[in-house]
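File shown here: upload.txt, holding compact mmCIF, C-alpha atoms (C1' of nucleotides).
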# COMPACT_ATOMS: atom_id res chain seq x y z
CA MET A 1 -23.38 0.28 -18.56
CA GLU A 2 -20.56 2.59 -17.66
CA SER A 3 -19.15 -0.06 -15.33
CA THR A 4 -17.94 -2.15 -18.28
CA ARG A 5 -15.65 0.67 -19.32
CA VAL A 6 -14.37 1.04 -15.78
CA GLN A 7 -13.73 -2.68 -15.52
CA ILE A 8 -11.65 -2.61 -18.70
CA LEU A 9 -9.63 0.35 -17.44
CA GLN A 10 -9.03 -1.39 -14.12
CA ALA A 11 -7.94 -4.62 -15.82
CA GLY A 12 -5.72 -2.59 -18.15
CA LEU A 13 -4.02 -0.87 -15.23
CA GLU A 14 -3.28 -4.23 -13.62
CA LEU A 15 -1.98 -6.03 -16.69
CA PHE A 16 -0.02 -3.12 -18.10
CA SER A 17 1.74 -2.76 -14.75
CA GLU A 18 2.42 -6.48 -14.42
CA LEU A 19 3.47 -7.25 -18.00
CA GLY A 20 4.25 -3.92 -19.63
CA TYR A 21 2.62 -2.39 -22.68
CA VAL A 22 3.85 -4.98 -25.17
CA GLY A 23 3.51 -7.92 -22.81
CA ALA A 24 -0.10 -7.25 -21.88
CA THR A 25 -2.54 -8.54 -24.52
CA THR A 26 -5.99 -7.29 -25.36
CA ARG A 27 -7.24 -10.83 -24.85
CA GLY A 28 -5.74 -10.97 -21.36
CA ILE A 29 -7.15 -7.59 -20.40
CA ALA A 30 -10.61 -8.57 -21.62
CA ARG A 31 -10.47 -11.82 -19.68
CA ARG A 32 -9.45 -10.09 -16.46
CA ALA A 33 -12.21 -7.53 -16.97
CA GLY A 34 -14.70 -10.38 -17.31
CA ILE A 35 -15.78 -9.45 -20.82
CA THR A 36 -14.89 -10.51 -24.37
CA GLU A 37 -12.21 -9.07 -26.58
CA VAL A 38 -14.84 -7.81 -29.04
CA THR A 39 -16.46 -5.73 -26.33
CA LEU A 40 -13.09 -4.25 -25.40
CA PHE A 41 -12.65 -3.01 -28.96
CA ARG A 42 -16.14 -1.55 -28.89
CA TYR A 43 -15.00 0.76 -26.08
CA PHE A 44 -11.43 1.43 -27.19
CA PRO A 45 -10.49 1.52 -30.87
CA THR A 46 -6.85 0.40 -30.39
CA LYS A 47 -4.62 -1.01 -27.69
CA GLU A 48 -2.63 2.21 -27.78
CA LYS A 49 -5.69 4.38 -27.10
CA LEU A 50 -6.66 2.06 -24.26
CA PHE A 51 -3.21 2.43 -22.73
CA GLU A 52 -3.35 6.21 -22.87
CA GLU A 53 -6.82 6.26 -21.34
CA VAL A 54 -5.71 3.92 -18.56
CA VAL A 55 -2.85 6.22 -17.65
CA ASN A 56 -5.01 9.33 -17.81
CA ALA A 57 -7.82 7.73 -15.83
CA TYR A 58 -5.51 6.80 -12.98
CA LEU A 59 -3.34 9.91 -13.00
CA PRO A 60 -3.51 10.84 -9.33
CA THR A 61 -5.13 14.10 -8.42
CA PRO A 62 -2.53 15.40 -6.01
CA GLY A 63 -4.13 15.70 -2.59
CA PHE A 64 -0.99 17.02 -0.97
CA SER A 65 -2.04 20.62 -0.40
CA GLU A 66 -3.97 19.65 2.73
CA ILE A 67 -0.99 17.70 4.00
CA ILE A 68 1.28 20.70 3.79
CA PHE A 69 -1.50 22.86 5.21
CA LYS A 70 -1.75 20.62 8.25
CA ALA A 71 2.03 20.59 8.57
CA LYS A 72 2.01 24.27 9.48
CA ASP A 73 0.34 23.48 12.78
CA LEU A 74 3.04 21.01 13.77
CA ALA A 75 6.55 21.38 15.10
CA TYR A 76 9.13 21.18 12.29
CA ARG A 77 10.32 17.68 13.11
CA ASP A 78 6.78 16.32 13.44
CA ALA A 79 5.84 18.01 10.19
CA LEU A 80 8.72 16.27 8.39
CA ALA A 81 7.60 12.92 9.77
CA MET A 82 4.02 13.50 8.72
CA ILE A 83 4.96 14.61 5.21
CA ALA A 84 7.24 11.63 4.76
CA GLY A 85 4.53 9.26 5.94
CA ALA A 86 1.96 10.76 3.62
CA PHE A 87 4.37 10.65 0.70
CA MET A 88 5.25 6.99 1.25
CA GLU A 89 1.58 6.11 1.60
CA GLY A 90 0.86 7.95 -1.64
CA LEU A 91 3.59 6.01 -3.43
CA ARG A 92 2.25 2.73 -2.09
CA THR A 93 -1.25 3.60 -3.26
CA GLU A 94 -0.01 4.42 -6.75
CA LYS A 95 2.24 1.38 -7.07
CA LYS A 96 0.68 0.07 -10.29
CA LEU A 97 0.93 3.42 -12.00
CA ILE A 98 4.52 3.85 -10.83
CA GLN A 99 5.40 0.44 -12.23
CA ILE A 100 3.97 1.49 -15.58
CA MET A 101 5.90 4.74 -15.39
CA TYR A 102 9.23 2.98 -14.99
CA SER A 103 8.67 0.25 -17.55
CA GLU A 104 7.34 2.55 -20.28
CA SER A 105 9.52 5.60 -19.67
CA GLN A 106 11.25 5.03 -23.01
CA ARG A 107 8.33 4.18 -25.29
CA TYR A 108 5.97 6.79 -23.84
CA ALA A 109 8.44 9.37 -22.54
CA ASP A 110 6.09 12.36 -22.61
CA LEU A 111 3.14 10.59 -21.03
CA MET A 112 5.32 9.12 -18.30
CA ALA A 113 6.88 12.51 -17.59
CA ARG A 114 3.33 13.72 -16.94
CA VAL A 115 2.79 10.85 -14.51
CA TYR A 116 5.92 11.90 -12.63
CA MET A 117 4.78 15.50 -12.51
CA ALA A 118 1.37 14.50 -11.16
CA LEU A 119 2.97 12.28 -8.54
CA VAL A 120 5.74 14.41 -7.10
CA ASP A 121 6.17 17.77 -8.79
CA ASN A 122 3.23 19.36 -7.04
CA LEU A 123 4.47 18.13 -3.68
CA ILE A 124 7.97 19.44 -4.39
CA SER A 125 6.58 22.93 -4.97
CA LEU A 126 4.39 22.86 -1.88
CA LEU A 127 7.19 21.55 0.28
CA ALA A 128 9.58 24.17 -1.05
CA ALA A 129 7.05 26.87 -0.19
CA TYR A 130 6.73 25.40 3.30
CA PHE A 131 10.50 25.57 3.76
CA GLU A 132 10.58 29.14 2.52
CA GLY A 133 7.98 30.10 5.09
CA LEU A 134 10.07 28.59 7.87
CA GLN A 135 13.17 30.30 6.56
CA HIS A 136 11.34 33.62 6.49
CA ASP A 137 10.36 33.15 10.12
CA GLY A 138 13.93 32.31 10.98
CA LEU A 139 13.05 28.81 12.18
CA ILE A 140 15.39 26.92 9.84
CA ARG A 141 18.56 27.90 8.07
CA LYS A 142 18.71 29.36 4.57
CA PHE A 143 19.08 26.92 1.70
CA ASN A 144 17.67 26.48 -1.79
CA ALA A 145 14.17 25.41 -0.82
CA ARG A 146 13.41 23.48 -4.01
CA ALA A 147 16.68 21.57 -3.82
CA GLY A 148 15.94 20.78 -0.20
CA ALA A 149 12.50 19.47 -1.11
CA THR A 150 13.92 17.14 -3.81
CA ALA A 151 16.61 15.98 -1.39
CA PHE A 152 14.02 15.11 1.25
CA LEU A 153 11.57 13.39 -1.08
CA GLY A 154 14.43 11.72 -2.97
CA MET A 155 15.54 9.79 0.10
CA TRP A 156 12.05 8.39 0.48
CA SER A 157 11.39 7.57 -3.12
CA ALA A 158 14.71 5.71 -3.34
CA LEU A 159 13.72 3.73 -0.26
CA TYR A 160 10.32 3.00 -1.79
CA GLU A 161 11.88 1.73 -5.01
CA ALA A 162 14.32 -0.60 -3.33
CA LYS A 163 11.72 -1.94 -0.92
CA TYR A 164 8.52 -2.11 -2.96
CA LEU A 165 9.44 -1.99 -6.64
CA LEU A 166 12.63 -4.03 -6.73
CA GLN A 167 11.77 -5.82 -3.50
CA ILE A 168 15.35 -5.95 -2.30
CA SER A 169 15.44 -8.40 0.57
CA GLY A 170 17.81 -6.27 2.65
CA PHE A 171 15.18 -3.54 2.86
CA SER A 172 12.13 -5.64 3.56
CA GLU A 173 13.68 -6.78 6.82
CA ILE A 174 14.21 -3.26 8.09
CA ASP A 175 11.51 -1.65 10.14
CA GLU A 176 10.36 1.35 8.17
CA THR A 177 9.75 3.49 11.22
CA GLU A 178 13.33 2.95 12.36
CA ILE A 179 14.89 3.99 9.07
CA ALA A 180 12.40 6.85 8.87
CA LYS A 181 13.64 8.16 12.18
CA GLU A 182 17.22 8.29 10.88
CA TYR A 183 16.25 9.97 7.63
CA ILE A 184 14.28 12.62 9.47
CA ASP A 185 17.08 13.11 11.99
CA ILE A 186 19.57 13.77 9.23
CA PHE A 187 17.34 16.15 7.33
CA PHE A 188 16.09 17.89 10.47
CA THR A 189 19.59 18.47 11.79
CA GLY A 190 20.85 19.35 8.33
CA THR A 191 18.39 22.19 7.96
CA GLN A 192 18.55 23.56 11.48
CA LYS A 193 19.96 26.97 12.20
CA THR A 194 23.63 26.83 13.10
CA SER A 195 23.48 28.30 16.57
CA MET B 1 35.19 -15.24 -34.02
CA GLU B 2 34.47 -14.29 -30.47
CA SER B 3 33.61 -10.78 -31.61
CA THR B 4 30.34 -11.98 -33.13
CA ARG B 5 29.17 -13.06 -29.72
CA VAL B 6 30.19 -9.73 -28.23
CA GLN B 7 28.38 -7.83 -30.98
CA ILE B 8 25.19 -9.76 -30.27
CA LEU B 9 25.45 -9.06 -26.54
CA GLN B 10 26.05 -5.37 -27.20
CA ALA B 11 23.08 -5.15 -29.58
CA GLY B 12 20.98 -7.05 -27.05
CA LEU B 13 21.85 -4.60 -24.29
CA GLU B 14 20.83 -1.69 -26.47
CA LEU B 15 17.55 -3.07 -27.76
CA PHE B 16 16.44 -4.65 -24.49
CA SER B 17 16.98 -1.31 -22.77
CA GLU B 18 15.19 0.66 -25.49
CA LEU B 19 12.24 -1.65 -26.11
CA GLY B 20 12.08 -4.01 -23.15
CA TYR B 21 12.35 -7.78 -23.17
CA VAL B 22 9.10 -8.41 -25.05
CA GLY B 23 9.45 -5.43 -27.35
CA ALA B 24 12.94 -6.28 -28.56
CA THR B 25 12.91 -8.93 -31.30
CA THR B 26 15.62 -11.43 -32.19
CA ARG B 27 15.44 -10.10 -35.74
CA GLY B 28 16.06 -6.57 -34.58
CA ILE B 29 18.94 -7.56 -32.32
CA ALA B 30 20.57 -9.52 -35.14
CA ARG B 31 20.20 -6.59 -37.51
CA ARG B 32 21.77 -4.16 -35.07
CA ALA B 33 24.60 -6.61 -34.45
CA GLY B 34 25.22 -6.73 -38.20
CA ILE B 35 24.58 -10.47 -38.49
CA THR B 36 21.67 -12.70 -39.42
CA GLU B 37 19.01 -14.10 -37.13
CA VAL B 38 20.23 -17.64 -37.81
CA THR B 39 23.69 -16.77 -36.51
CA LEU B 40 22.15 -15.29 -33.37
CA PHE B 41 20.45 -18.60 -32.63
CA ARG B 42 23.71 -20.42 -33.24
CA TYR B 43 25.20 -18.52 -30.29
CA PHE B 44 22.17 -18.36 -28.01
CA PRO B 45 19.58 -21.14 -27.99
CA THR B 46 16.65 -18.94 -26.93
CA LYS B 47 15.79 -15.28 -26.55
CA GLU B 48 15.47 -15.83 -22.82
CA LYS B 49 18.99 -17.25 -22.52
CA LEU B 50 20.31 -14.34 -24.56
CA PHE B 51 18.63 -11.89 -22.20
CA GLU B 52 20.13 -13.52 -19.13
CA GLU B 53 23.57 -13.55 -20.69
CA VAL B 54 23.27 -9.90 -21.65
CA VAL B 55 22.44 -8.94 -18.08
CA ASN B 56 25.20 -11.09 -16.64
CA ALA B 57 27.76 -9.87 -19.16
CA TYR B 58 27.11 -6.24 -18.30
CA LEU B 59 26.66 -6.65 -14.57
CA PRO B 60 29.06 -4.01 -13.31
CA THR B 61 32.01 -5.12 -11.27
CA PRO B 62 31.77 -2.63 -8.44
CA GLY B 63 34.87 -0.48 -8.48
CA PHE B 64 33.83 1.55 -5.50
CA SER B 65 36.27 0.23 -2.94
CA GLU B 66 39.04 2.48 -4.26
CA ILE B 67 36.68 5.46 -4.15
CA ILE B 68 35.98 4.97 -0.47
CA PHE B 69 39.66 4.27 0.11
CA LYS B 70 40.59 7.61 -1.44
CA ALA B 71 37.85 9.32 0.57
CA LYS B 72 39.73 8.62 3.78
CA ASP B 73 42.44 11.08 2.77
CA LEU B 74 39.95 13.89 2.27
CA ALA B 75 38.10 16.18 4.62
CA TYR B 76 34.58 14.88 5.37
CA ARG B 77 32.77 17.38 3.18
CA ASP B 78 35.14 16.86 0.23
CA ALA B 79 34.80 13.11 0.66
CA LEU B 80 31.01 13.37 0.41
CA ALA B 81 31.31 15.40 -2.76
CA MET B 82 33.74 12.95 -4.31
CA ILE B 83 31.61 9.93 -3.44
CA ALA B 84 28.48 11.58 -4.81
CA GLY B 85 30.27 12.48 -8.04
CA ALA B 86 31.61 8.97 -8.49
CA PHE B 87 28.20 7.47 -7.77
CA MET B 88 26.44 9.70 -10.30
CA GLU B 89 29.07 8.95 -12.89
CA GLY B 90 28.62 5.24 -12.24
CA LEU B 91 24.87 5.52 -12.72
CA ARG B 92 25.34 7.42 -15.96
CA THR B 93 27.72 4.78 -17.26
CA GLU B 94 25.25 1.99 -16.46
CA LYS B 95 22.22 3.75 -17.89
CA LYS B 96 21.21 0.97 -20.27
CA LEU B 97 21.42 -1.69 -17.59
CA ILE B 98 19.46 0.49 -15.19
CA GLN B 99 16.76 0.97 -17.78
CA ILE B 100 16.49 -2.79 -18.16
CA MET B 101 16.39 -3.16 -14.39
CA TYR B 102 13.38 -0.89 -14.05
CA SER B 103 11.43 -2.19 -17.03
CA GLU B 104 11.89 -5.89 -16.20
CA SER B 105 11.72 -5.73 -12.41
CA GLN B 106 8.44 -7.65 -12.47
CA ARG B 107 9.16 -10.34 -15.05
CA TYR B 108 12.73 -11.03 -13.88
CA ALA B 109 12.49 -10.00 -10.24
CA ASP B 110 15.40 -12.11 -8.98
CA LEU B 111 17.80 -11.21 -11.79
CA MET B 112 16.99 -7.51 -11.47
CA ALA B 113 17.47 -7.64 -7.71
CA ARG B 114 20.97 -8.92 -8.45
CA VAL B 115 21.56 -5.97 -10.77
CA TYR B 116 20.55 -3.61 -7.98
CA MET B 117 22.86 -5.35 -5.54
CA ALA B 118 25.79 -5.10 -7.94
CA LEU B 119 25.07 -1.43 -8.57
CA VAL B 120 24.52 0.00 -5.11
CA ASP B 121 24.57 -2.58 -2.33
CA ASN B 122 28.35 -2.84 -2.25
CA LEU B 123 28.68 0.92 -2.12
CA ILE B 124 26.13 1.15 0.70
CA SER B 125 28.22 -1.24 2.80
CA LEU B 126 31.47 0.55 2.07
CA LEU B 127 29.95 3.94 2.77
CA ALA B 128 28.43 2.70 6.02
CA ALA B 129 31.85 1.40 7.10
CA TYR B 130 33.35 4.79 6.25
CA PHE B 131 30.76 6.53 8.43
CA GLU B 132 31.40 4.12 11.26
CA GLY B 133 35.09 4.93 11.11
CA LEU B 134 34.38 8.64 11.39
CA GLN B 135 31.96 8.03 14.23
CA HIS B 136 34.58 6.00 16.04
CA ASP B 137 37.04 8.86 15.69
CA GLY B 138 34.42 11.27 16.98
CA LEU B 139 34.41 13.30 13.77
CA ILE B 140 30.69 12.94 13.06
CA ARG B 141 27.71 12.28 15.27
CA LYS B 142 26.35 8.83 16.01
CA PHE B 143 23.63 7.52 13.72
CA ASN B 144 22.73 4.22 12.07
CA ALA B 145 25.51 4.12 9.49
CA ARG B 146 23.70 1.94 6.99
CA ALA B 147 20.56 4.07 7.13
CA GLY B 148 22.73 7.14 6.63
CA ALA B 149 24.37 5.58 3.61
CA THR B 150 21.02 4.77 1.97
CA ALA B 151 19.77 8.27 2.77
CA PHE B 152 22.81 9.84 1.11
CA LEU B 153 22.80 7.64 -1.98
CA GLY B 154 18.99 7.78 -2.18
CA MET B 155 19.03 11.53 -2.75
CA TRP B 156 21.36 11.06 -5.67
CA SER B 157 19.66 8.12 -7.29
CA ALA B 158 16.31 9.92 -7.13
CA LEU B 159 17.93 12.90 -8.85
CA TYR B 160 19.44 10.61 -11.46
CA GLU B 161 16.09 9.01 -12.22
CA ALA B 162 14.22 12.25 -12.64
CA LYS B 163 16.96 13.81 -14.75
CA TYR B 164 18.27 10.95 -16.88
CA LEU B 165 15.70 8.17 -16.87
CA LEU B 166 12.44 10.09 -16.92
CA GLN B 167 14.11 13.18 -18.38
CA ILE B 168 11.96 15.59 -16.44
CA SER B 169 12.46 19.02 -18.00
CA GLY B 170 12.54 20.81 -14.64
CA PHE B 171 15.69 18.94 -13.70
CA SER B 172 17.60 19.19 -16.94
CA GLU B 173 17.67 22.96 -16.59
CA ILE B 174 19.25 22.85 -13.16
CA ASP B 175 23.00 22.89 -12.91
CA GLU B 176 23.97 19.65 -11.28
CA THR B 177 26.86 21.12 -9.32
CA GLU B 178 24.52 23.65 -7.75
CA ILE B 179 21.99 21.09 -6.57
CA ALA B 180 24.87 18.86 -5.50
CA LYS B 181 26.17 21.59 -3.21
CA GLU B 182 22.79 21.80 -1.45
CA TYR B 183 22.48 18.05 -1.05
CA ILE B 184 25.95 17.82 0.44
CA ASP B 185 25.31 20.81 2.69
CA ILE B 186 22.21 19.18 4.12
CA PHE B 187 23.83 15.80 4.66
CA PHE B 188 27.07 17.28 5.96
CA THR B 189 25.30 19.49 8.47
CA GLY B 190 22.86 16.73 9.32
CA THR B 191 25.62 14.36 10.36
CA GLN B 192 27.86 16.85 12.16
CA LYS B 193 28.42 16.62 15.85
CA THR B 194 26.05 18.83 17.80
CA SER B 195 28.54 21.09 19.45
C1' DT C 1 44.08 -30.86 -51.38
C1' DT C 2 41.13 -31.89 -47.87
C1' DA C 3 38.83 -31.18 -43.72
C1' DT C 4 36.68 -27.97 -40.46
C1' DG C 5 34.50 -24.02 -38.55
C1' DT C 6 31.89 -19.82 -39.31
C1' DT C 7 28.62 -17.30 -41.76
C1' DG C 8 24.87 -16.13 -45.15
C1' DT C 9 20.67 -17.29 -47.88
C1' DA C 10 16.19 -19.05 -48.55
C1' DA C 11 12.34 -21.00 -47.03
C1' DG C 12 9.22 -22.41 -43.79
C1' DT C 13 7.14 -24.01 -39.17
C1' DG C 14 3.42 -23.26 -35.75
C1' DC C 15 1.83 -19.93 -32.76
C1' DT C 16 0.16 -15.44 -31.15
C1' DT C 17 -1.10 -10.88 -31.97
C1' DA C 18 -4.29 -6.74 -32.76
C1' DC C 19 -8.32 -6.12 -34.82
C1' DT C 20 -12.71 -7.23 -37.90
C1' DT C 21 -17.18 -9.01 -39.56
C1' DA C 22 -21.61 -11.01 -39.10
C1' DC C 23 -25.00 -12.78 -36.45
C1' DT C 24 -27.51 -13.77 -32.20
C1' DA C 25 -29.44 -13.10 -27.21
C1' DC C 26 -31.33 -10.30 -24.06
C1' DA C 27 -32.84 -6.34 -21.23
C1' DC C 28 -35.61 -2.36 -21.20
C1' DA C 29 -38.24 1.87 -22.70
C1' DG C 30 -42.03 3.72 -25.70
C1' DC D 1 -44.98 -5.34 -29.22
C1' DT D 2 -41.36 -3.07 -31.24
C1' DG D 3 -37.20 -0.59 -31.42
C1' DT D 4 -32.69 0.26 -29.33
C1' DG D 5 -28.49 -0.46 -26.90
C1' DT D 6 -25.30 -3.66 -24.94
C1' DA D 7 -23.34 -7.83 -24.82
C1' DG D 8 -21.65 -12.68 -26.40
C1' DT D 9 -20.33 -16.17 -30.00
C1' DA D 10 -17.94 -17.83 -33.85
C1' DA D 11 -14.94 -17.31 -37.29
C1' DG D 12 -11.41 -15.23 -39.64
C1' DT D 13 -7.62 -11.88 -41.36
C1' DA D 14 -2.92 -10.34 -42.09
C1' DA D 15 1.11 -9.66 -39.84
C1' DG D 16 4.74 -10.66 -36.73
C1' DC D 17 6.95 -13.67 -33.49
C1' DA D 18 10.69 -17.23 -31.87
C1' DC D 19 12.88 -20.73 -33.81
C1' DT D 20 14.23 -24.54 -37.49
C1' DT D 21 16.06 -26.90 -41.55
C1' DA D 22 18.92 -27.43 -45.54
C1' DC D 23 22.38 -25.88 -48.36
C1' DA D 24 25.97 -23.01 -50.22
C1' DA D 25 30.20 -19.73 -49.72
C1' DC D 26 34.35 -18.86 -47.74
C1' DA D 27 38.48 -18.76 -44.88
C1' DT D 28 41.93 -21.19 -42.48
C1' DA D 29 44.73 -25.12 -40.96
C1' DA D 30 46.73 -29.82 -41.62

Whole structure, structure tokens version:
Amino acid sequence: MESTRVQILQAGLELFSELGYVGATTRGIARRAGITEVTLFRYFPTKEKLFEEVVNAYLPTPGFSEIIFKAKDLAYRDALAMIAGAFMEGLRTEKKLIQIMYSESQRYADLMARVYMALVDNLISLLAAYFEGLQHDGLIRKFNARAGATAFLGMWSALYEAKYLLQISGFSEIDETEIAKEYIDIFFTGTQKTS
Amino acid sequence: MESTRVQILQAGLELFSELGYVGATTRGIARRAGITEVTLFRYFPTKEKLFEEVVNAYLPTPGFSEIIFKAKDLAYRDALAMIAGAFMEGLRTEKKLIQIMYSESQRYADLMARVYMALVDNLISLLAAYFEGLQHDGLIRKFNARAGATAFLGMWSALYEAKYLLQISGFSEIDETEIAKEYIDIFFTGTQKTS
DNA sequence: TTATGTTGTAAGTGCTTACTTACTACACAG
DNA sequence: CTGTGTAGTAAGTAAGCACTTACAACATAA
């Protein structure tokens, strides 16, 4: 059955993210998948190949184009809020993959760079294009659109890391909608036209 | 000699950051320190104790208070630029520790949270106090000072991660002073008084 | 000279690891 | 009923791991 393969990949994603590439064992992955180690090696020739297939299997297909498309129907401030919300939700959904990305960024630099690209690079480009459209219509001030996009998403990804990856206690207390309001205020005001 | 101990700690910092806690071996650390494995175990009873001592030994003593102190003599925009530059330089200096922090944030959650606190939490508080002073003097608009501080530093730490930790090619091409100017522009304008 | 502290050398412990081989059990399609 | 594909079981391999023991070499200080 194909489901055996999927179960192994799922178990691999979990254990690689919890224990890292070296820390996760083929025995442990097999156990969590509910199969034997021998069966695991019937599907994947080496631990390394399994790891690469896990990452590739769960590489997110960026579904951000619709988000930005919808943003065009909203007022600028509401669009920023919606984009930020969608981005944070996307990061939360991909938490296991993001954990792998950070812990293996040295050993598997190229592969992890691809994970980053899949996660945020596409959104950066779309967001930059959105800003350029608004600039062209004279609705926001002129600035380097790509730099603006990384500035905006950077605030959120840093918040995500402190709160969800490192689980800093000072951030878990804070209401996310409250801090979101401040972030959006700053960026909104910072990109307004100077009247 | 005390220098043997220091050499082991230094080698431990390097190998733990390159290979992770599980991936780094006591043999490898001893070799890089230029001593034998037996000597390593004469100084540190277990690999785990060695790891904890490495992290504690290289926990940065935050030297940010002087930075914020100097900022008070500068114009707001120049102060932002100086703080951002000092923060980025601090992150670059602590690259190995930061790598450890990200790769072991699951296994050693508490210890790595302490690393984060030492790295940025102190600066967040100081920066928030600086903003509050400016707000009190009516030089910038009112906003949640702590949220503003995390927003400002978040932009920079996200840039640092993409450029130096994940080494995303798209960021290494960009001139850092150019992107810095845009970040500061956005934050400066975003926290100005609405006249 | 004698005592002490620091290091290296050599060997080995028991455990875990990724990965293999050989055989068996069972479901299902022709 | 027979062949085929998928799985489990049992056992084992060679290598690497953290960590130990015992002893010898050397410098320094009393």

Taking only C-alpha atoms (C1' of nucleotides) into account, which residues of chain C are within 12 Å of chain A, as a PyMOL selection string?
chain C and resi 16-21+27

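Here the residues that fall within 12 Å of (-14.5, -17.3, -37.4), using all atoms listed in the file, are given as DT20, DT21, DA22 and DC23 of chain C; DT9, DA10, DA11, DG12 and DT13 of chain D.
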
Compare A:Phe188, A:Tyr116, A:Phe16, A:Phe131 by their minimum atom-to-atom distance to Arg77 of chain A, counting only C-alpha atoms, and give me the closest one.
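The answer is A:Phe188, which sits nearest to Arg77 of chain A.
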
Residues of chain D within 10 Å of chain A, using only C-alpha atoms (C1' of nucleotides), as a PyMOL selection string?
chain D and resi 5-9

Counting all atoms listed in the file, figure out which residue out of B:Leu139, B:Ala129, B:Ile83, B:Val6 gets nearest to Ala33 of chain B.
B:Val6

Taking all atoms listed in the file into account, find every residue of chain B that has an atom no more than 7 Å from chain A, and write it out as a list in words.
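Every residue of chain B that passes the 7 Å test is in Glu18, Val22, Gly23, Tyr102, Ser103, Ser105, Gln106, Ala109, Ala113, Asn144, Ala147, Ala151, Gly154, Met155, Ser157, Ala158, Leu159, Leu166, Ile168, Ile179, Glu182, Tyr183, Ile186, Phe187, Phe188, Thr189, Gly190 and Thr191 of chain B.
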
Just-selected residues, C-alpha atoms written as a CSV table (one decimal), in the coordinates of the input:
chain,number,residue,atom,x,y,z
B,18,GLU,CA,15.2,0.7,-25.5
B,22,VAL,CA,9.1,-8.4,-25.0
B,23,GLY,CA,9.4,-5.4,-27.4
B,102,TYR,CA,13.4,-0.9,-14.0
B,103,SER,CA,11.4,-2.2,-17.0
B,105,SER,CA,11.7,-5.7,-12.4
B,106,GLN,CA,8.4,-7.6,-12.5
B,109,ALA,CA,12.5,-10.0,-10.2
B,113,ALA,CA,17.5,-7.6,-7.7
B,144,ASN,CA,22.7,4.2,12.1
B,147,ALA,CA,20.6,4.1,7.1
B,151,ALA,CA,19.8,8.3,2.8
B,154,GLY,CA,19.0,7.8,-2.2
B,155,MET,CA,19.0,11.5,-2.8
B,157,SER,CA,19.7,8.1,-7.3
B,158,ALA,CA,16.3,9.9,-7.1
B,159,LEU,CA,17.9,12.9,-8.8
B,166,LEU,CA,12.4,10.1,-16.9
B,168,ILE,CA,12.0,15.6,-16.4
B,179,ILE,CA,22.0,21.1,-6.6
B,182,GLU,CA,22.8,21.8,-1.4
B,183,TYR,CA,22.5,18.0,-1.0
B,186,ILE,CA,22.2,19.2,4.1
B,187,PHE,CA,23.8,15.8,4.7
B,188,PHE,CA,27.1,17.3,6.0
B,189,THR,CA,25.3,19.5,8.5
B,190,GLY,CA,22.9,16.7,9.3
B,191,THR,CA,25.6,14.4,10.4

Å distance separating atom CA of Gln10 of chain B from atom CA of Tyr58 of chain B, one decimal place
9.0 Å

Extract, using all atoms listed in the file, all DNA, RNA and protein residues at most 12 Å from DA3 of chain C, discarding same-chain residues fewer than 5 positions from it, and format them as JSON, numbers by chain.
{"D": [28, 29, 30]}
